[in-house]
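Q: Sharing a structure with you now.
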Amino acid sequence: MSTDRDGKKLVRSPSGLRMLPENRAHCSPFSLEEPQWVPDKECQRCMHCESKFDFITRKHHCRRCGKCFCDKCCSKKVPLPRMCFVDPVRQCGECSVVSQKEMEFYDRQLKVLMNGATFCISQVSSEKSETFVCRLSNNHRYLFLDGENHYEIEVSRISAVQILTEGFTPGEKDIHTYTSLLESQCITEGGNSRAIGMLLQYKSQGSEELKQMKFTTSEDFNSNKKMSASWLAAMHKAAKLLYEARDQ
Ligand SMILES: [Zn+2]
Ligand SMILES: [Zn+2]
């Protein structure tokens, strides 16, 4: 095992090499646990095409779902950053499609979130609003808000994200959990339902009290408005992945 400067270590699992934080509590909130592999002895046939396993048709486990397949049905090697694999790993057809879609999040949206964007931010309970640059920390674990003051919101303590779109003004009762709110709207960058804000519900560190913050793209920052809309669209995708990661 070797350690790099960020307190990560290289761990070898039956599925491949993984780069994990020294402290498990410091895992990215987007990360998923490795699945239990279906035991070899419980598996006589490929779980997709039902070919019988023998000396020629060998068993392979999908690294994402842990099910057992023949080589033909589990031949794709696809990056799986959510399980912290260093190299692309073997996955079944169904899982490789999901992982490929997630790569887009890692290649694009995650970078948008870490680059940050400008918002007017207010506590829902107060009228006062301030301008902040909001960005996701490099380890994905915090939202940093930088304005006259610096605030940190722990991503794992966000309980609901609601993206506000043009022509839609929600009241307090419109705050839902991830599932309901994420299925209700389709946010696309520059699409016809353009994101103009976000309601965030979270618990601050060391407190059980639920807080709400409202983010809006500010009229005063016209040049940044597109960036802010992209940031919100990226946050919408991030919330979906967070919901999946917690739902395990
Ligand atoms: Zn098969
Ligand atoms: Zn699979």
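Every chain in the structure tokens has a letter given in the order shown (A, B, ...), and although residue numbers restart at 1 in each chain, ligands are simply numbered from 1 in the order shown.
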Could you give me the residues within 10 Å of ligand 2, counting only C-alpha atoms and all ligand atoms, as a list of chain:residue names?
A: A:Pro35, A:Met47, A:His48, A:His61, A:Cys62, A:Arg63, A:Arg64, A:Cys65, A:Gly66, A:Lys67, A:Cys68, A:Phe69, A:Cys73, A:Cys74, A:Arg90, A:Gln91, A:Cys92, A:Gly93, A:Glu94, A:Cys95, A:Ser96, A:Val97, A:Val98, A:Ser99
Q: Generate a file of the selected residues that holds C-alpha atoms, formatted as a PDB file, in the first residue's frame.
A:
```
ATOM      1  CA  PRO A  35     -20.990  -4.974  -4.590  1.00  0.00           C
ATOM      2  CA  MET A  47     -27.100 -14.389 -15.748  1.00  0.00           C
ATOM      3  CA  HIS A  48     -27.774 -12.688 -19.086  1.00  0.00           C
ATOM      4  CA  HIS A  61     -18.127 -10.920 -12.429  1.00  0.00           C
ATOM      5  CA  CYS A  62     -19.422  -7.475 -13.281  1.00  0.00           C
ATOM      6  CA  ARG A  63     -17.575  -5.031 -11.011  1.00  0.00           C
ATOM      7  CA  ARG A  64     -20.581  -2.773 -10.706  1.00  0.00           C
ATOM      8  CA  CYS A  65     -23.443  -5.192  -9.910  1.00  0.00           C
ATOM      9  CA  GLY A  66     -21.426  -8.256  -8.806  1.00  0.00           C
ATOM     10  CA  LYS A  67     -23.490 -10.649 -10.959  1.00  0.00           C
ATOM     11  CA  CYS A  68     -21.924 -13.509 -12.901  1.00  0.00           C
ATOM     12  CA  PHE A  69     -21.690 -13.548 -16.698  1.00  0.00           C
ATOM     13  CA  CYS A  73     -21.986 -10.578 -21.843  1.00  0.00           C
ATOM     14  CA  CYS A  74     -19.379  -8.959 -19.585  1.00  0.00           C
ATOM     15  CA  ARG A  90     -15.113  -5.264 -16.496  1.00  0.00           C
ATOM     16  CA  GLN A  91     -18.864  -4.588 -16.506  1.00  0.00           C
ATOM     17  CA  CYS A  92     -22.033  -6.207 -17.860  1.00  0.00           C
ATOM     18  CA  GLY A  93     -24.001  -4.569 -20.674  1.00  0.00           C
ATOM     19  CA  GLU A  94     -26.528  -2.867 -18.416  1.00  0.00           C
ATOM     20  CA  CYS A  95     -23.959  -1.512 -15.973  1.00  0.00           C
ATOM     21  CA  SER A  96     -21.552  -0.325 -18.660  1.00  0.00           C
ATOM     22  CA  VAL A  97     -24.295   1.918 -20.101  1.00  0.00           C
ATOM     23  CA  VAL A  98     -24.894   3.502 -16.675  1.00  0.00           C
ATOM     24  CA  SER A  99     -21.176   3.950 -16.040  1.00  0.00           C
TER      25      SER A  99
END
```
Q: I'd like the contact shell of Met83 of chain A - 12 Å cut-off, only C-alpha atoms, skipping same-chain residues fewer than 3 positions apart - returned as a PyMOL selection string.
A: chain A and resi 11+13+15-21+27-35+63-65+78-80+86-89+99+102+245
Q: Nearest to ligand 1 among A:Ala234, A:Cys49, A:Ala195, A:Leu164, with distances taken over only C-alpha atoms and all ligand atoms: which residue is it?
A: A:Cys49
Q: Neighbours of Leu200 of chain A within 9 Å (only C-alpha atoms; same-chain residues fewer than 6 positions away dropped), as a VMD selection string?
A: chain A and resid 158 to 163 175 211 to 215
Q: When distances are computed from only C-alpha atoms, which of A:Lys59, A:Arg24, A:Val124, A:Phe144 shows the smallest separation from Val38 of chain A?
A: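 So, comparing all the options, the nearest one is A:Lys59.
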Q: With distances taken over only C-alpha atoms and all ligand atoms, which residue among A:Val112, A:Cys70, A:Leu241, A:Val133 lies nearest ligand 1?
A: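 Among the listed residues, A:Cys70 lies closest to ligand 1.
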Q: At a cut-off of 12 Å, using only C-alpha atoms, what residues contact Arg108 of chain A? Leave out same-chain residues fewer than 4 positions from it and give the result as a PyMOL selection string.
A: chain A and resi 101-104+112-115+230-231+233-235+237-238
Q: Measure the distance from atom CA of Asn224 of chain A to atom CA of Thr118 of chain A in Å and round it to one decimal.
A: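 Atom-to-atom, atom CA of Asn224 of chain A and atom CA of Thr118 of chain A are spaced 6.9 Å apart.
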Q: Would you work out the distance separating atom CA of Gly206 of chain A from atom CA of Ser156 of chain A, expressed in Å to one decimal?
A: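 Computing it gives 12.9 Å between the two atoms.
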Q: May I ask which of the residues A:Cys46, A:Ala239, A:Cys134, A:Met198 is the closest one to ligand 1, counting only C-alpha atoms and all ligand atoms?
A: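 For ligand 1, the nearest of the given residues is A:Cys46.
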Q: Which is closer to ligand 1 than all the others in A:Glu22, A:Glu50, A:Asp40, A:Glu130, using only C-alpha atoms and all ligand atoms?
A: A:Glu50
Q: From a backbone DSSP assignment, name each residue in segment 1-78 of chain A labelled helix (DSSP H, G or I), as an MDAnalysis selection string.
A: chainID A and resid 24:26 40:42 72:74
Q: Would you output that residue set with C-alpha atoms, as a short mmCIF file (atom, residue, chain, number, x, y, z; two decimals), in the first residue's frame?
A:
```
data_model
loop_
_atom_site.label_atom_id
_atom_site.label_comp_id
_atom_site.auth_asym_id
_atom_site.auth_seq_id
_atom_site.Cartn_x
_atom_site.Cartn_y
_atom_site.Cartn_z
CA ARG A 24 -13.45 6.17 5.02
CA ALA A 25 -15.48 9.14 6.22
CA HIS A 26 -13.60 11.24 3.66
CA ASP A 40 -19.23 -18.98 -8.09
CA LYS A 41 -20.94 -22.08 -6.75
CA GLU A 42 -24.38 -20.46 -6.96
CA LYS A 72 -19.45 -12.21 -24.20
CA CYS A 73 -21.99 -10.58 -21.84
CA CYS A 74 -19.38 -8.96 -19.58
#
```
Q: Could you check how far atom CA of Arg58 of chain A sits from atom CA of Asp71 of chain A, in Å to one decimal?
A: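 If I compute the distance from atom CA of Arg58 of chain A to atom CA of Asp71 of chain A, I get 6.8 Å.
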Q: Which residues are near Ile196 of chain A? Cut-off 10 Å, only C-alpha atoms, ignore same chain within fewer than 5 positions. Put them as a PyMOL selection string.
A: chain A and resi 119+163-168+215-218+225-226+228-230+232-233
